[in-house]
file structure22.cif (mmCIF, C-alpha atoms)
data_target
#
loop_
_atom_site.label_atom_id
_atom_site.label_comp_id
_atom_site.auth_asym_id
_atom_site.auth_seq_id
_atom_site.Cartn_x
_atom_site.Cartn_y
_atom_site.Cartn_z
CA MET K 1 -23.79 12.59 -7.95
CA ARG K 2 -21.73 10.10 -5.95
CA VAL K 3 -18.05 10.89 -6.52
CA LEU K 4 -15.19 8.53 -5.65
CA ILE K 5 -11.70 10.04 -5.39
CA ALA K 6 -9.00 7.44 -5.99
CA ALA K 7 -5.76 9.30 -6.67
CA ASP K 8 -2.10 8.53 -6.04
CA LYS K 9 0.32 10.94 -4.37
CA PHE K 10 1.67 14.07 -6.03
CA LYS K 11 5.33 13.29 -5.45
CA GLY K 12 7.19 16.09 -3.76
CA SER K 13 4.08 17.93 -2.63
CA LEU K 14 1.07 15.88 -1.42
CA THR K 15 0.39 12.36 -0.21
CA ALA K 16 -2.50 10.44 -1.75
CA ALA K 17 -4.58 11.12 1.36
CA GLN K 18 -3.83 14.86 1.13
CA VAL K 19 -4.81 14.89 -2.55
CA ALA K 20 -8.13 13.31 -1.59
CA GLU K 21 -8.66 15.81 1.25
CA ARG K 22 -8.05 18.82 -0.98
CA LEU K 23 -10.26 17.57 -3.79
CA THR K 24 -13.00 16.72 -1.32
CA ALA K 25 -12.89 20.20 0.17
CA GLY K 26 -13.05 21.84 -3.25
CA LEU K 27 -15.87 19.63 -4.49
CA ARG K 28 -18.00 20.12 -1.40
CA ARG K 29 -17.76 23.88 -1.76
CA ALA K 30 -18.47 23.90 -5.49
CA ALA K 31 -21.01 21.05 -5.60
CA PRO K 32 -22.59 20.85 -2.12
CA HIS K 33 -25.17 18.27 -3.21
CA ALA K 34 -22.54 15.78 -4.39
CA SER K 35 -21.66 12.80 -2.20
CA VAL K 36 -17.87 12.46 -2.02
CA ALA K 37 -15.91 9.39 -0.85
CA SER K 38 -12.22 8.61 -1.20
CA VAL K 39 -9.83 5.67 -1.42
CA PRO K 40 -6.22 6.95 -1.62
CA VAL K 41 -4.32 4.54 -3.88
CA ALA K 42 -0.75 3.55 -4.76
CA ASP K 43 1.06 1.29 -7.21
CA GLY K 44 3.72 -0.27 -4.97
CA GLY K 45 6.17 2.63 -4.99
CA ASP K 46 6.62 5.57 -2.62
CA GLY K 47 3.44 6.21 -0.68
CA THR K 48 2.14 2.63 -0.69
CA VAL K 49 2.27 2.31 3.09
CA ASP K 50 0.64 5.73 3.49
CA ALA K 51 -2.22 4.68 1.21
CA ALA K 52 -2.76 1.51 3.24
CA VAL K 53 -2.80 3.50 6.49
CA ALA K 54 -5.34 5.93 5.02
CA ALA K 55 -7.52 2.91 4.23
CA GLY K 56 -7.50 1.72 7.83
CA PHE K 57 -4.29 -0.26 8.23
CA GLU K 58 -2.21 0.37 11.35
CA ARG K 59 1.11 2.12 10.82
CA ARG K 60 4.05 0.30 12.44
CA GLU K 61 7.55 1.81 12.59
CA VAL K 62 10.83 -0.05 13.00
CA ARG K 63 14.49 0.92 13.11
CA VAL K 64 16.33 -0.83 10.27
CA THR K 65 19.45 -0.63 8.10
CA GLY K 66 19.27 2.03 5.39
CA PRO K 67 20.72 1.72 1.89
CA LEU K 68 24.06 3.17 3.01
CA GLY K 69 24.23 0.97 6.11
CA GLU K 70 23.09 3.65 8.55
CA PRO K 71 20.01 3.23 10.80
CA VAL K 72 16.77 4.62 9.39
CA CYS K 73 13.16 4.60 10.53
CA ALA K 74 10.90 2.61 8.20
CA ALA K 75 7.16 2.01 8.36
CA TYR K 76 4.95 -0.84 7.25
CA ALA K 77 1.17 -1.24 7.47
CA LEU K 78 -0.70 -4.01 9.26
CA ARG K 79 -4.34 -5.04 9.47
CA GLY K 80 -5.17 -8.41 10.94
CA GLY K 81 -2.86 -10.89 9.28
CA ALA K 82 -2.22 -8.70 6.22
CA ALA K 83 0.78 -6.40 5.88
CA VAL K 84 1.99 -3.88 3.31
CA VAL K 85 5.77 -3.47 3.08
CA GLU K 86 7.31 -0.78 0.91
CA THR K 87 10.91 -1.10 -0.30
CA ALA K 88 11.27 2.66 -0.49
CA GLU K 89 10.62 2.95 3.25
CA ALA K 90 13.79 1.06 4.17
CA SER K 91 15.95 0.97 1.03
CA GLY K 92 14.71 3.95 -0.95
CA LEU K 93 16.39 6.83 -2.71
CA ARG K 94 14.74 9.08 -0.13
CA HIS K 95 17.34 7.91 2.41
CA LEU K 96 20.30 9.15 0.37
CA PRO K 97 21.67 12.64 0.97
CA GLU K 98 20.77 15.07 -1.78
CA GLY K 99 23.00 14.55 -4.79
CA VAL K 100 24.58 11.40 -3.34
CA PHE K 101 24.13 7.99 -4.95
CA ALA K 102 25.61 4.59 -4.14
CA PRO K 103 24.79 2.37 -7.13
CA LEU K 104 27.52 -0.20 -6.36
CA THR K 105 27.15 -0.47 -2.59
CA ALA K 106 23.54 0.36 -1.64
CA THR K 107 21.90 -2.53 0.19
CA SER K 108 18.36 -3.84 0.48
CA TYR K 109 19.10 -5.32 3.93
CA GLY K 110 16.61 -3.00 5.61
CA THR K 111 13.76 -4.27 3.47
CA GLY K 112 14.44 -7.77 4.79
CA GLU K 113 14.39 -6.40 8.33
CA VAL K 114 10.97 -4.83 7.73
CA LEU K 115 9.68 -8.14 6.34
CA ARG K 116 10.97 -9.86 9.46
CA ALA K 117 9.18 -7.30 11.65
CA ALA K 118 5.94 -7.97 9.76
CA LEU K 119 6.37 -11.70 10.36
CA ASP K 120 6.98 -11.03 14.06
CA ALA K 121 3.74 -9.03 14.14
CA GLY K 122 1.81 -12.03 12.82
CA ALA K 123 1.49 -11.16 9.13
CA ARG K 124 0.65 -14.14 6.94
CA ALA K 125 -0.21 -12.24 3.76
CA ILE K 126 2.29 -9.60 2.67
CA ALA K 127 2.21 -7.21 -0.27
CA LEU K 128 5.79 -6.16 -1.03
CA GLY K 129 5.79 -2.89 -2.97
CA VAL K 130 9.05 -2.42 -4.79
CA GLY K 131 9.22 1.07 -6.29
CA GLY K 132 11.62 3.86 -5.38
CA SER K 133 14.62 1.75 -4.33
CA ALA K 134 18.21 3.02 -4.19
CA THR K 135 19.65 -0.47 -4.68
CA THR K 136 20.86 -2.80 -7.43
CA ASP K 137 21.90 -5.73 -5.26
CA GLY K 138 19.49 -8.32 -6.63
CA GLY K 139 17.75 -8.47 -3.27
CA ALA K 140 20.78 -10.19 -1.72
CA GLY K 141 20.71 -7.75 1.18
CA MET K 142 17.03 -8.48 1.82
CA LEU K 143 17.70 -12.23 1.82
CA ALA K 144 20.68 -11.81 4.14
CA ALA K 145 18.45 -10.04 6.67
CA LEU K 146 16.10 -13.02 6.47
CA GLY K 147 18.84 -15.56 7.18
CA ALA K 148 20.61 -16.25 3.87
CA ARG K 149 24.40 -16.16 3.54
CA PHE K 150 26.38 -14.96 0.51
CA LEU K 151 30.02 -15.96 0.74
CA ASP K 152 33.20 -15.32 -1.23
CA GLY K 153 35.88 -17.90 -2.06
CA PHE K 154 37.33 -17.63 1.46
CA GLY K 155 33.98 -18.27 3.14
CA ALA K 156 33.54 -14.65 4.22
CA PRO K 157 30.40 -12.56 3.55
CA VAL K 158 30.77 -10.68 0.26
CA GLY K 159 29.57 -7.39 1.73
CA PRO K 160 26.74 -5.03 0.80
CA GLY K 161 25.70 -3.85 -2.63
CA GLY K 162 25.50 -5.17 -6.15
CA ALA K 163 29.17 -4.82 -7.05
CA ALA K 164 30.16 -7.15 -4.18
CA LEU K 165 28.25 -9.98 -5.87
CA ALA K 166 31.10 -10.18 -8.39
CA ARG K 167 33.03 -11.98 -5.60
CA LEU K 168 30.21 -14.38 -4.79
CA ALA K 169 31.28 -18.04 -4.63
CA ARG K 170 28.45 -19.64 -2.62
CA ALA K 171 24.84 -18.79 -1.82
CA ASP K 172 23.45 -20.56 1.24
CA LEU K 173 19.68 -20.09 1.54
CA SER K 174 19.18 -22.85 4.11
CA GLY K 175 18.93 -20.36 6.97
CA LEU K 176 16.01 -18.38 5.53
CA ASP K 177 13.31 -17.66 8.11
CA ALA K 178 11.09 -20.75 8.17
CA ARG K 179 7.96 -18.61 8.58
CA LEU K 180 8.34 -17.43 4.98
CA ALA K 181 7.12 -20.83 3.79
CA GLU K 182 3.74 -20.12 5.45
CA VAL K 183 3.29 -16.63 4.02
CA ASP K 184 1.41 -15.55 0.90
CA LEU K 185 3.91 -13.02 -0.46
CA VAL K 186 2.94 -10.88 -3.44
CA LEU K 187 5.50 -8.85 -5.38
CA ALA K 188 3.58 -5.65 -6.10
CA SER K 189 5.35 -3.77 -8.88
CA ASP K 190 4.56 -1.24 -11.56
CA VAL K 191 7.42 -2.59 -13.75
CA ASP K 192 7.86 -6.03 -15.26
CA ASN K 193 11.51 -5.86 -16.36
CA PRO K 194 13.74 -8.96 -16.23
CA LEU K 195 16.84 -9.09 -14.07
CA LEU K 196 19.40 -9.10 -16.91
CA GLY K 197 19.88 -7.76 -20.42
CA PRO K 198 19.16 -4.42 -22.10
CA GLU K 199 15.80 -4.17 -20.32
CA GLY K 200 17.19 -5.45 -17.03
CA ALA K 201 17.67 -3.92 -13.59
CA ALA K 202 21.16 -2.51 -14.15
CA ALA K 203 20.71 -1.29 -17.71
CA VAL K 204 17.36 0.47 -17.26
CA TYR K 205 17.33 1.60 -13.65
CA GLY K 206 21.03 1.71 -12.76
CA PRO K 207 21.55 5.15 -14.33
CA GLN K 208 18.56 6.50 -12.39
CA LYS K 209 20.37 5.41 -9.23
CA GLY K 210 23.61 7.12 -10.22
CA ALA K 211 25.40 4.33 -12.12
CA SER K 212 27.80 5.36 -14.87
CA PRO K 213 27.96 3.30 -18.08
CA ARG K 214 30.98 1.44 -16.69
CA GLU K 215 29.19 0.77 -13.40
CA VAL K 216 26.15 -0.53 -15.27
CA VAL K 217 28.40 -3.17 -16.85
CA VAL K 218 29.88 -4.04 -13.43
CA LEU K 219 26.41 -4.46 -11.95
CA GLN K 220 25.12 -6.44 -14.92
CA ASP K 221 28.01 -8.92 -14.67
CA ALA K 222 27.67 -9.20 -10.89
CA LEU K 223 23.92 -9.86 -11.10
CA ARG K 224 24.50 -12.53 -13.74
CA ARG K 225 27.00 -14.29 -11.47
CA TYR K 226 24.59 -13.98 -8.55
CA ALA K 227 21.72 -15.56 -10.49
CA ARG K 228 23.94 -18.39 -11.72
CA ILE K 229 25.36 -19.23 -8.29
CA CYS K 230 21.87 -19.13 -6.79
CA GLY K 231 20.95 -21.77 -9.37
CA ALA K 232 18.23 -19.58 -10.83
CA LEU K 233 19.74 -18.08 -13.97
CA GLY K 234 16.70 -19.20 -15.94
CA ALA K 235 14.44 -17.21 -13.61
CA ALA K 236 16.34 -14.01 -14.39
CA GLY K 237 14.00 -13.48 -17.32
CA GLU K 238 10.83 -13.74 -15.26
CA ARG K 239 8.39 -10.85 -15.29
CA GLY K 240 9.25 -8.45 -12.47
CA ALA K 241 12.64 -10.01 -11.66
CA GLY K 242 14.35 -6.69 -12.38
CA ALA K 243 12.10 -4.66 -10.09
CA ALA K 244 13.85 -2.65 -7.35
CA GLY K 245 17.34 -3.37 -8.66
CA GLY K 246 16.70 -7.10 -8.88
CA LEU K 247 14.99 -7.42 -5.50
CA GLY K 248 12.10 -8.85 -7.51
CA PHE K 249 14.36 -11.73 -8.55
CA ALA K 250 15.10 -12.62 -4.91
CA ALA K 251 11.43 -12.39 -3.97
CA LEU K 252 10.27 -14.55 -6.88
CA THR K 253 12.93 -17.24 -6.52
CA ALA K 254 14.04 -17.52 -2.89
CA LEU K 255 10.82 -16.27 -1.26
CA ARG K 256 8.41 -17.85 -3.78
CA ALA K 257 6.49 -14.60 -4.23
CA ARG K 258 3.76 -14.14 -6.82
CA PHE K 259 4.08 -11.22 -9.23
CA ARG K 260 1.10 -8.89 -9.68
CA PRO K 261 0.87 -5.32 -10.94
CA GLY K 262 1.21 -3.12 -7.88
CA VAL K 263 -1.92 -1.10 -8.47
CA GLU K 264 -4.03 -4.27 -8.77
CA VAL K 265 -2.68 -5.57 -5.46
CA MET K 266 -3.33 -2.29 -3.69
CA LEU K 267 -6.81 -1.76 -5.12
CA ASP K 268 -7.78 -5.19 -3.83
CA MET K 269 -6.24 -4.65 -0.39
CA LEU K 270 -7.81 -1.20 -0.03
CA GLY K 271 -11.35 -2.35 -0.84
CA PHE K 272 -11.58 -0.26 -3.99
CA ASP K 273 -14.23 -2.36 -5.77
CA ALA K 274 -16.70 -2.01 -2.90
CA ALA K 275 -16.28 1.78 -2.99
CA LEU K 276 -16.55 1.78 -6.78
CA ALA K 277 -19.92 0.02 -6.60
CA GLU K 278 -21.31 3.11 -4.84
CA ALA K 279 -19.96 5.69 -7.31
CA ASP K 280 -21.33 7.54 -10.34
CA LEU K 281 -18.07 9.30 -11.19
CA VAL K 282 -14.41 8.53 -10.42
CA ILE K 283 -11.59 11.05 -10.02
CA THR K 284 -8.05 9.65 -10.18
CA GLY K 285 -4.62 11.15 -10.76
CA GLU K 286 -0.96 11.49 -9.83
CA GLY K 287 1.77 14.10 -9.95
CA SER K 288 2.52 13.69 -13.65
CA LEU K 289 0.24 12.14 -16.25
CA ASP K 290 2.76 11.09 -18.89
CA PRO K 291 3.65 8.02 -20.99
CA GLN K 292 4.83 6.22 -17.82
CA THR K 293 1.25 6.41 -16.55
CA LEU K 294 0.20 4.06 -19.33
CA HIS K 295 2.55 1.31 -18.06
CA GLY K 296 0.91 0.15 -14.86
CA LYS K 297 0.67 3.34 -12.81
CA ALA K 298 -2.19 3.84 -10.36
CA PRO K 299 -4.46 6.04 -12.52
CA LEU K 300 -4.43 3.45 -15.29
CA GLY K 301 -5.54 0.69 -12.91
CA VAL K 302 -8.27 2.87 -11.40
CA ALA K 303 -9.55 3.90 -14.84
CA ALA K 304 -9.60 0.30 -16.07
CA ARG K 305 -11.80 -0.85 -13.19
CA ALA K 306 -14.10 2.16 -13.51
CA ARG K 307 -14.46 1.62 -17.26
CA ALA K 308 -15.38 -2.02 -16.67
CA ARG K 309 -18.35 -0.76 -14.64
CA GLY K 310 -19.27 1.86 -17.23
CA LEU K 311 -18.27 4.80 -15.04
CA PRO K 312 -16.79 8.08 -16.32
CA VAL K 313 -13.32 9.00 -15.07
CA LEU K 314 -11.70 12.40 -14.61
CA ALA K 315 -8.05 12.84 -13.67
CA VAL K 316 -6.00 15.46 -11.84
CA CYS K 317 -2.25 15.93 -12.09
CA GLY K 318 0.52 18.39 -11.59
CA ARG K 319 1.69 18.23 -15.19
CA LEU K 320 0.01 16.70 -18.22
CA SER K 321 1.89 15.36 -21.26
CA LEU K 322 -0.66 12.86 -22.61
CA ASP K 323 -2.76 13.83 -25.61
CA PRO K 324 -6.56 13.48 -25.56
CA GLY K 325 -6.41 10.27 -27.60
CA SER K 326 -4.09 8.59 -25.10
CA LEU K 327 -6.29 9.69 -22.23
CA GLN K 328 -9.40 8.31 -23.92
CA ALA K 329 -7.65 5.02 -24.68
CA ALA K 330 -6.74 4.75 -20.99
CA GLY K 331 -10.37 5.28 -20.01
CA ILE K 332 -9.88 8.86 -18.77
CA HIS K 333 -12.46 11.31 -20.12
CA ARG K 334 -10.59 14.48 -19.22
CA ALA K 335 -7.48 15.54 -17.26
CA TYR K 336 -7.00 18.71 -15.24
CA ALA K 337 -3.46 19.95 -14.58
CA LEU K 338 -2.24 22.25 -11.84
CA THR K 339 0.10 23.89 -14.34
CA ASP K 340 -2.97 25.14 -16.23
CA LEU K 341 -3.61 27.33 -13.20
CA GLU K 342 0.01 28.01 -12.20
CA PRO K 343 2.63 27.51 -14.96
CA ASP K 344 5.57 28.17 -12.62
CA VAL K 345 6.54 24.66 -11.46
CA PRO K 346 8.20 25.52 -8.08
CA ARG K 347 5.24 27.70 -7.18
CA CYS K 348 2.88 25.00 -8.40
CA LEU K 349 4.52 22.44 -6.09
CA ALA K 350 4.36 24.83 -3.15
CA GLN K 351 0.70 25.68 -3.78
CA ALA K 352 -0.49 22.22 -4.83
CA GLY K 353 -3.19 21.97 -2.16
CA PRO K 354 -5.04 25.24 -2.88
CA LEU K 355 -4.64 24.68 -6.63
CA LEU K 356 -6.26 21.25 -6.33
CA GLU K 357 -9.23 22.84 -4.59
CA ARG K 358 -9.58 25.26 -7.51
CA LEU K 359 -9.40 22.37 -9.99
CA ALA K 360 -12.21 20.68 -8.06
CA ALA K 361 -14.41 23.68 -8.81
CA ARG K 362 -13.65 23.30 -12.51
CA MET K 363 -14.62 19.63 -12.32
CA ALA K 364 -17.88 20.51 -10.61
CA ARG K 365 -18.88 22.55 -13.66
CA ASP K 366 -18.51 19.39 -15.76
CA PHE K 367 -20.72 17.24 -13.54
CA PRO K 368 -24.04 16.04 -15.04
CA PRO K 369 -27.26 17.46 -13.55
CA ALA K 370 -28.14 16.08 -10.11
CA SER K 371 -31.19 14.13 -11.24
CA SER K 372 -32.22 10.51 -11.32
CA GLU K 373 -31.72 10.48 -15.06
CA ALA K 374 -28.14 11.74 -14.70
CA GLY K 375 -27.47 9.36 -11.83
CA SER K 376 -28.35 6.37 -13.99
CA ALA K 377 -26.62 7.61 -17.11
CA GLY K 378 -23.33 5.85 -16.25
CA ALA K 379 -21.12 5.51 -19.30
CA SER K 380 -23.52 7.46 -21.54
CA TRP K 381 -22.58 10.70 -19.80
CA GLN K 382 -19.70 12.84 -20.93
CA PRO K 383 -18.60 16.16 -19.46
CA ASP K 384 -19.79 19.12 -21.53
CA SER K 385 -16.17 19.88 -22.34
CA LEU K 386 -15.84 16.50 -24.09
CA ARG K 387 -18.76 16.89 -26.46
CA ARG K 388 -17.50 17.84 -29.87
CA PRO K 389 -18.32 21.48 -30.65
CA ARG K 390 -16.90 23.16 -33.70
CA GLY K 391 -13.13 23.17 -33.44
CA GLY K 392 -12.75 19.59 -32.24
CA PRO K 393 -12.23 18.03 -28.82
CA ARG K 394 -10.80 19.91 -25.88
CA HIS K 395 -8.56 18.58 -23.14
#
call {"tool": "encode", "arguments": {"input": "structure22.cif", "output": "structure tokens"}}
result
Amino acid sequence: MRVLIAADKFKGSLTAAQVAERLTAGLRRAAPHASVASVPVADGGDGTVDAAVAAGFERREVRVTGPLGEPVCAAYALRGGAAVVETAEASGLRHLPEGVFAPLTATSYGTGEVLRAALDAGARAIALGVGGSATTDGGAGMLAALGARFLDGFGAPVGPGGAALARLARADLSGLDARLAEVDLVLASDVDNPLLGPEGAAAVYGPQKGASPREVVVLQDALRRYARICGALGAAGERGAGAAGGLGFAALTALRARFRPGVEVMLDMLGFDAALAEADLVITGEGSLDPQTLHGKAPLGVAARARARGLPVLAVCGRLSLDPGSLQAAGIHRAYALTDLEPDVPRCLAQAGPLLERLAARMARDFPPASSEAGSAGASWQPDSLRRPRGGPRH
């Protein structure tokens, strides 16, 4: 068997590369004749830069402005003229003190500084991953770092954060870095929300960033004013405009970015299809396999490409809340959860690595026989646990 591991991070415990390392170790002990390769993956959110680095990109670190205005260290990935920039690295919730949120004032300025650093390093194709942000400023901070000016009625800068956009009187984009016109910029996102409305940036994601119902209204009104003064109110409904607190809107309109699902962008950049061509079985996964997984998360993208080639897919996760029918519809034959081995969640998080190695042994028992017939079976093979004995399917 030739096994390809293509899993996302287990948030709060293991990076995507560490997930692959642990599964590889477990598989090689339990199935020593299997050939195991890995491509750590991501969907544009936290861990996207790490996945790119694991695939051979160079990690670059820069000192930039964090969401609260303080200096933070942020990384991006570079290979040749291609760069991967992750909003969470500069403007993410990870940079807020525990229990502290700043929904009205958090800025995306640092993300613009990372983009500028990538341009300085010679990047001419940039994937901008936009998950995990702490901001709802419509990307105004990012644009300001790239040379734009957002002024109030007295000609002074409106200040950081989404709420400040309520004072916006003029948006001057003439100073944007001229190099942006020569760059192929892709907005890599696992959400396709618009900027405004009940499915927009403030309404859906504002509460996750600490916004009260009143503050959601403040942000919604400020973002509407911002879009109107930028002369792009019609673009507020574009797919992905609401990503990262509206940073998607700024990328799509002012930076002329193209929207693509984050996992599709990353699979292409990481050379996933070439690795897939050498596989008989694919193992994917993430920290929680739940209904969110079915809306553009990394395991869904991996399973879709594997299914197109007729390959069986297994999944690993910390917690599982998808029923067998949903898994099958997503192209996943069976899922293995760490909580099946250790129900205590804090202990499960602390012991994620060793538990993954034990799950790998369980997977090995479901492998088809190591024969030429099994190797060519492709989509006709199903793990023994998925055949339908009396009592119905198992998961």
call {"tool": "closest_residue", "arguments": {"input": "structure22.cif", "among": "K:Ala364, K:Leu78, K:Leu93, K:Ala140", "to": "Arg59 (chain K)", "atoms": "all atoms listed in the file"}}
result
K:Leu78
call {"tool": "resolve_selection", "arguments": {"input": "structure22.cif", "expression": "the PyMOL selection byres ((chain K and resi 199-203) around 12)", "output": "VMD selection string"}}
result
chain K and resid 103 to 104 133 to 139 162 to 163 191 to 198 204 to 224 236 to 249
call {"tool": "closest_residue", "arguments": {"input": "structure22.cif", "among": "K:Ala51, K:Ala335, K:Leu128, K:Ala118", "to": "Ala257 (chain K)", "atoms": "all atoms listed in the file"}}
result
K:Leu128
call {"tool": "closest_residue", "arguments": {"input": "structure22.cif", "among": "K:Gly331, K:Pro324, K:Pro312, K:Gly45", "to": "Arg94 (chain K)", "atoms": "all atoms listed in the file"}}
result
K:Gly45
call {"tool": "resolve_selection", "arguments": {"input": "structure22.cif", "expression": "the PyMOL selection byres ((chain K and resi 47) around 9)", "output": "list in words"}}
result
Asp8, Lys9, Lys11, Thr15, Ala16, Val41, Ala42, Asp43, Gly44, Gly45, Asp46, Thr48, Val49, Asp50, Ala51, Ala52, Glu86, Ala88 and Glu89 of chain K
call {"tool": "atom_distance", "arguments": {"input": "structure22.cif", "atom1": "CA of Asp190 (chain K)", "atom2": "CA of Arg60 (chain K)"}}
result
24.1 Å
call {"tool": "resolve_selection", "arguments": {"input": "structure22.cif", "expression": "the PyMOL selection byres ((chain K and resi 254) around 12)", "output": "PyMOL selection string"}}
result
chain K and resi 138-140+142-144+146-148+171-178+180-181+185+227+230-232+235+241+247-253+255-258
call {"tool": "decode", "arguments": {"input": "structure22.cif", "residues": "region 221-234 of chain K", "atoms": "N, CA, C and O atoms", "output": "PDB file, in the first residue's frame"}}
result
ATOM      1  N   ASP K 221     -22.844  49.300  10.288  1.00  0.00           N
ATOM      2  CA  ASP K 221     -23.055  50.644   9.721  1.00  0.00           C
ATOM      3  C   ASP K 221     -21.732  51.247   9.236  1.00  0.00           C
ATOM      4  O   ASP K 221     -21.688  51.901   8.183  1.00  0.00           O
ATOM      5  N   ALA K 222     -20.669  51.051   9.996  1.00  0.00           N
ATOM      6  CA  ALA K 222     -19.369  51.609   9.617  1.00  0.00           C
ATOM      7  C   ALA K 222     -18.848  50.961   8.340  1.00  0.00           C
ATOM      8  O   ALA K 222     -18.302  51.645   7.456  1.00  0.00           O
ATOM      9  N   LEU K 223     -19.020  49.648   8.215  1.00  0.00           N
ATOM     10  CA  LEU K 223     -18.564  48.949   7.011  1.00  0.00           C
ATOM     11  C   LEU K 223     -19.374  49.369   5.782  1.00  0.00           C
ATOM     12  O   LEU K 223     -18.835  49.467   4.671  1.00  0.00           O
ATOM     13  N   ARG K 224     -20.657  49.634   5.998  1.00  0.00           N
ATOM     14  CA  ARG K 224     -21.489  50.103   4.875  1.00  0.00           C
ATOM     15  C   ARG K 224     -20.998  51.481   4.392  1.00  0.00           C
ATOM     16  O   ARG K 224     -20.889  51.728   3.188  1.00  0.00           O
ATOM     17  N   ARG K 225     -20.704  52.361   5.334  1.00  0.00           N
ATOM     18  CA  ARG K 225     -20.187  53.683   4.964  1.00  0.00           C
ATOM     19  C   ARG K 225     -18.849  53.546   4.231  1.00  0.00           C
ATOM     20  O   ARG K 225     -18.593  54.215   3.215  1.00  0.00           O
ATOM     21  N   TYR K 226     -18.001  52.706   4.743  1.00  0.00           N
ATOM     22  CA  TYR K 226     -16.686  52.449   4.147  1.00  0.00           C
ATOM     23  C   TYR K 226     -16.823  51.979   2.693  1.00  0.00           C
ATOM     24  O   TYR K 226     -16.161  52.511   1.795  1.00  0.00           O
ATOM     25  N   ALA K 227     -17.692  51.007   2.461  1.00  0.00           N
ATOM     26  CA  ALA K 227     -17.875  50.488   1.105  1.00  0.00           C
ATOM     27  C   ALA K 227     -18.419  51.563   0.173  1.00  0.00           C
ATOM     28  O   ALA K 227     -18.010  51.668  -0.991  1.00  0.00           O
ATOM     29  N   ARG K 228     -19.338  52.386   0.686  1.00  0.00           N
ATOM     30  CA  ARG K 228     -19.930  53.432  -0.147  1.00  0.00           C
ATOM     31  C   ARG K 228     -18.899  54.493  -0.499  1.00  0.00           C
ATOM     32  O   ARG K 228     -18.789  54.913  -1.664  1.00  0.00           O
ATOM     33  N   ILE K 229     -18.109  54.941   0.481  1.00  0.00           N
ATOM     34  CA  ILE K 229     -17.132  55.990   0.217  1.00  0.00           C
ATOM     35  C   ILE K 229     -15.984  55.475  -0.669  1.00  0.00           C
ATOM     36  O   ILE K 229     -15.405  56.232  -1.450  1.00  0.00           O
ATOM     37  N   CYS K 230     -15.705  54.193  -0.582  1.00  0.00           N
ATOM     38  CA  CYS K 230     -14.704  53.603  -1.479  1.00  0.00           C
ATOM     39  C   CYS K 230     -15.248  53.425  -2.903  1.00  0.00           C
ATOM     40  O   CYS K 230     -14.505  53.025  -3.804  1.00  0.00           O
ATOM     41  N   GLY K 231     -16.541  53.725  -3.085  1.00  0.00           N
ATOM     42  CA  GLY K 231     -17.137  53.581  -4.399  1.00  0.00           C
ATOM     43  C   GLY K 231     -17.321  52.156  -4.824  1.00  0.00           C
ATOM     44  O   GLY K 231     -17.353  51.853  -6.029  1.00  0.00           O
ATOM     45  N   ALA K 232     -17.476  51.255  -3.852  1.00  0.00           N
ATOM     46  CA  ALA K 232     -17.561  49.830  -4.175  1.00  0.00           C
ATOM     47  C   ALA K 232     -18.682  49.142  -3.409  1.00  0.00           C
ATOM     48  O   ALA K 232     -18.576  47.964  -3.074  1.00  0.00           O
ATOM     49  N   LEU K 233     -19.763  49.892  -3.135  1.00  0.00           N
ATOM     50  CA  LEU K 233     -20.857  49.305  -2.367  1.00  0.00           C
ATOM     51  C   LEU K 233     -21.425  48.080  -3.066  1.00  0.00           C
ATOM     52  O   LEU K 233     -21.801  47.095  -2.421  1.00  0.00           O
ATOM     53  N   GLY K 234     -21.461  48.102  -4.387  1.00  0.00           N
ATOM     54  CA  GLY K 234     -21.978  46.952  -5.120  1.00  0.00           C
ATOM     55  C   GLY K 234     -21.135  45.712  -4.929  1.00  0.00           C
ATOM     56  O   GLY K 234     -21.646  44.586  -4.974  1.00  0.00           O
TER      57      GLY K 234
END
